[in-house]
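Notes to accompany the following structure.
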Amino acid sequence: MCGIVGYTGKQKAYPILINGLKALEYRGYDSAGIALFESGKLKISKEKGRVKNLDDNSDLKSSNSSIGIAHTRWATHGVPSSDNAHPHLDNSGNFAVVHNGIIENYLELKEFLSKNGYKFKSETDTEVIPNLIHYYYEKEKDFLQAFNRTIKDLKGSYAILVLSPLFDGIYVAKMNSPLVIGEGEDENFIASDIPAVLEYTKNFYFLNDGDLAYITNNSLVFYNNDLKEVNIPKKVIDWDKNAADKNGYEDFMLKEIFEQPRAINETLAGRIILEDKCNFLDINIDSKYLKNVNKIYIVACGTAMHAGRVGKTVLEELTDIVTIVDVASEFRYNYQVIDKNTLCIFISQSGETADTIAALKLAKKNGAKTIAISNVIGSSITREADYTIYTHAGPEIAVASTKAYVSQISTISALAIYFAEILQVKDITYLEKLKKELLDIPEKIDDILKNSENYKKIAKDIHNVKNCFYIGRGNDYTTAMEGSLKLKEIAYIHSEAYPAGELKHGPIALIEDGTSVIGIITNKKILEKTISNLQEVITRGAKVVLVTDCNYENNDMIIINIPKTNYLFAPILAIVPLQLIAYYVAKEKNLDVDKPRNLAKSVTVE
Ligand code: G6P
């Protein structure tokens with residue numbers, strides 16, 4: 001995964017690069033490094049551990065250099081160590097490279113280079129890049145030609161920055177890994193994402209896969225892979241800089257949980273219109289096409305897949321079109337029954353998840369129409385899909401997704417209402433009622449957030465349990481899955497989600513004195529059924545917490561009451577207490593909530 005940043009301009013590069021790396025740490029944080037060009041020489045400093053460790057120990061801190069590249073790593077090839085940290089140099093010491101992605105044929109390239117006398121100091125795939133550049137530079141005597149020949153030899157994914165005393169600027173190449181170029185006044189920025197440099201500029205360029213660029217302090221030149229100069233349109237990003245700061249909150253995750261009402265409001269604004277038709281200018285799907293759609297696929301990973309599961313229920317109920325949800329890494333290798341009448345929806349907060357992008361390409365190849373739902377403007381998935389619908393959650397920094405999740409459900413719910421209006425298969429008054437319910441959700445989340453202190457108490461009870469189960473039926477089961485994922489991700493507690501009725505088919509054997517079970521009930525029709533399942537675990541010693549919008553009292557369990565809404569949208573409300581419980585359990589255990597171990601926010605490897 002990894003984060004990369006580059007700067008060339010009039011200011012000191014070091015602090016800009018370090019700040020950029022800190023903002024990109026969510027992408028990986030096991031080692032970090034920086035290369036500056038100073039007094040005609042490349043200076044490199046690398047450390048194992050977080051960016052702070054690099055900053056504390058780097059002898060480049062006082063450098064006046066105004067050009068440099070930097071990297072924060074999520075190890076794929078080779079353990080976290082300063083040798084494996086980027087930037088990597090070629091054998092001549094002339095080319096410093098930072099790289100995000102994976103070079104799949106690196107062993108083959110390493111063998112080729114070794115036969116040609118090159119030596120390697122690290123275990124990484126990246127180290128072949130600077131050496132291959134050197135190999136071709138010796139032949140071509142022209143850097144751009146050598147760079148292009150190098151990237152043509154690479155299989156896999158990359159965003160690469162190269163710094164060298166042989167030229168004044170920074171060379172850039174991109175393939176299936178995120179990269180943005182920010183334009184300033186007599187200074188330019190390169191980064192893995194927008195927030196990393198948002199405090200300096202709002203003007204951005206997004207390279208296409210296969211493109212190269214040469215960036216100096218006052219020029220940006222873009223090339224396609226035939227080395228023809230190309231024009232890339234400038235996009236102005238109107239994100240608020242504060243949106244990428246903690247803004248007084250202890251952690252990004254807590255801030256993002258509290259931003260959920262605003263995220264939903266902004267996502268629905270202009271799309272859901274009371275007493276009028278929904279407005280989805282982003283997609284141009286006509287009634288003739290929609291009436292012929294025989295099946296919808298929703299494909300995503302992690303939390304986005306859970307949003308897809310909620311979306312399935314809403315889509316099926318409002319459009320009567322069979323909707324199948326699949327994990328992207330499975331979808332890719334399953335037998336596909338897809339044709340031009342299949343609509344495939346891909347959900348990805350980052351828009352950079354490798355498996356989701358690959359799944360989208362496959363669906364397109366098989367003739368399906370594709371819609372991407374993403375939170376990141378210009379991200380890779382938005383450039384592949386036939387249509388893109390943006391969630392307007394604002395930058396989500398914490399690795400564990402919260403506000404993006406509720407925005408994704410809101411988007412797909414609004415889309416389902418829009419489809420229902422086009423298809424005219426549901427009663428207009430019912431749809432109008434649903435729109436109203438959806439627009440009321442943000443206020444109801446505000447109510448839940450008012451009681452956030454209560455969750456600290458529950459977290460104290462849970463923080464030292466070994467096992468936790470989350471159970472529910474229907475949409476409540478999806479909420480159970482997402483709640484359980486949050487606890488695993490940030491609190492490192494083994495937890496599993498089960499359909500409530502399935503518990504007795506095996507997992508109940510694991511219930512013993514003190515096991516935590518969290519039940520979710522937002523559909524009155526199944527209240528009694530799920531309550532019976534909770535009673536079964538209480539009898540076997542479990543401690544039960546119930547999240548519900550039903551009027552229900554029981555002294556044997558802790559009950560968290562949430563406001564009522566239509567059961568289709570209840571997952572948006574029911575997840576909030578579970579996010580807070582996971583958050584406070586992690587705090588209770590003194591863990592780094594925003595950067596949990598082994599995880600990364602944007603998973604650009606398969
Ligand atoms: C990673 C993140 C999750 C996220 C998933 C999908 O696993 O840690 O929070 O849900 O990727 O990411 P996407 O950007 O495609 O929504």
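We label chains A, B, ... in the order they appear in the structure tokens, count residues from 1 in each chain, and number ligands from 1 in the order shown.
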When the cut-off is 9 Å and you count only C-alpha atoms and all ligand atoms, which residues lie near ligand 1, shown as a PyMOL selection string? chain A and resi 300-306+346-357+374-376+398-402+404-405+486+489+599-604
Using backbone DSSP assignments, extract all helix (DSSP H, G or I) residues from region 84-323 of chain A; output them as a PyMOL selection string. chain A and resi 106-115+128-140+143-153+195-197+241-244+252-258+260-268+287-292+302-319
Would you please extract all strand (DSSP E or B) residues from region 350-565 of chain A, as assigned by DSSP on the backbone, and give them as an NGL selection string? :A and (369-374 or 387-390 or 467-472 or 494-499 or 516-521 or 543-548 or 557-561)
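The neighbours of Gly117 (chain A) here are the residues that come within 12 Å of it, using only C-alpha atoms and leaving out any residue fewer than 3 positions away in the same chain; they are Asp90, Asn91, Ser92, Lys110, Glu111, Phe112, Leu113, Ser114, Phe120, Asn131, Leu132, His134 and Tyr135 of chain A.
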In terms of only C-alpha atoms, the residue from A:Gly68, A:Gly9, A:Gly474, A:Pro80 at minimal distance from Ile170 (chain A) is A:Gly68
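Counting only C-alpha atoms and comparing A:Pro195, A:Gly472, A:Pro261, A:Gly6, the residue that lies closest to Tyr171 (chain A) is A:Gly6.
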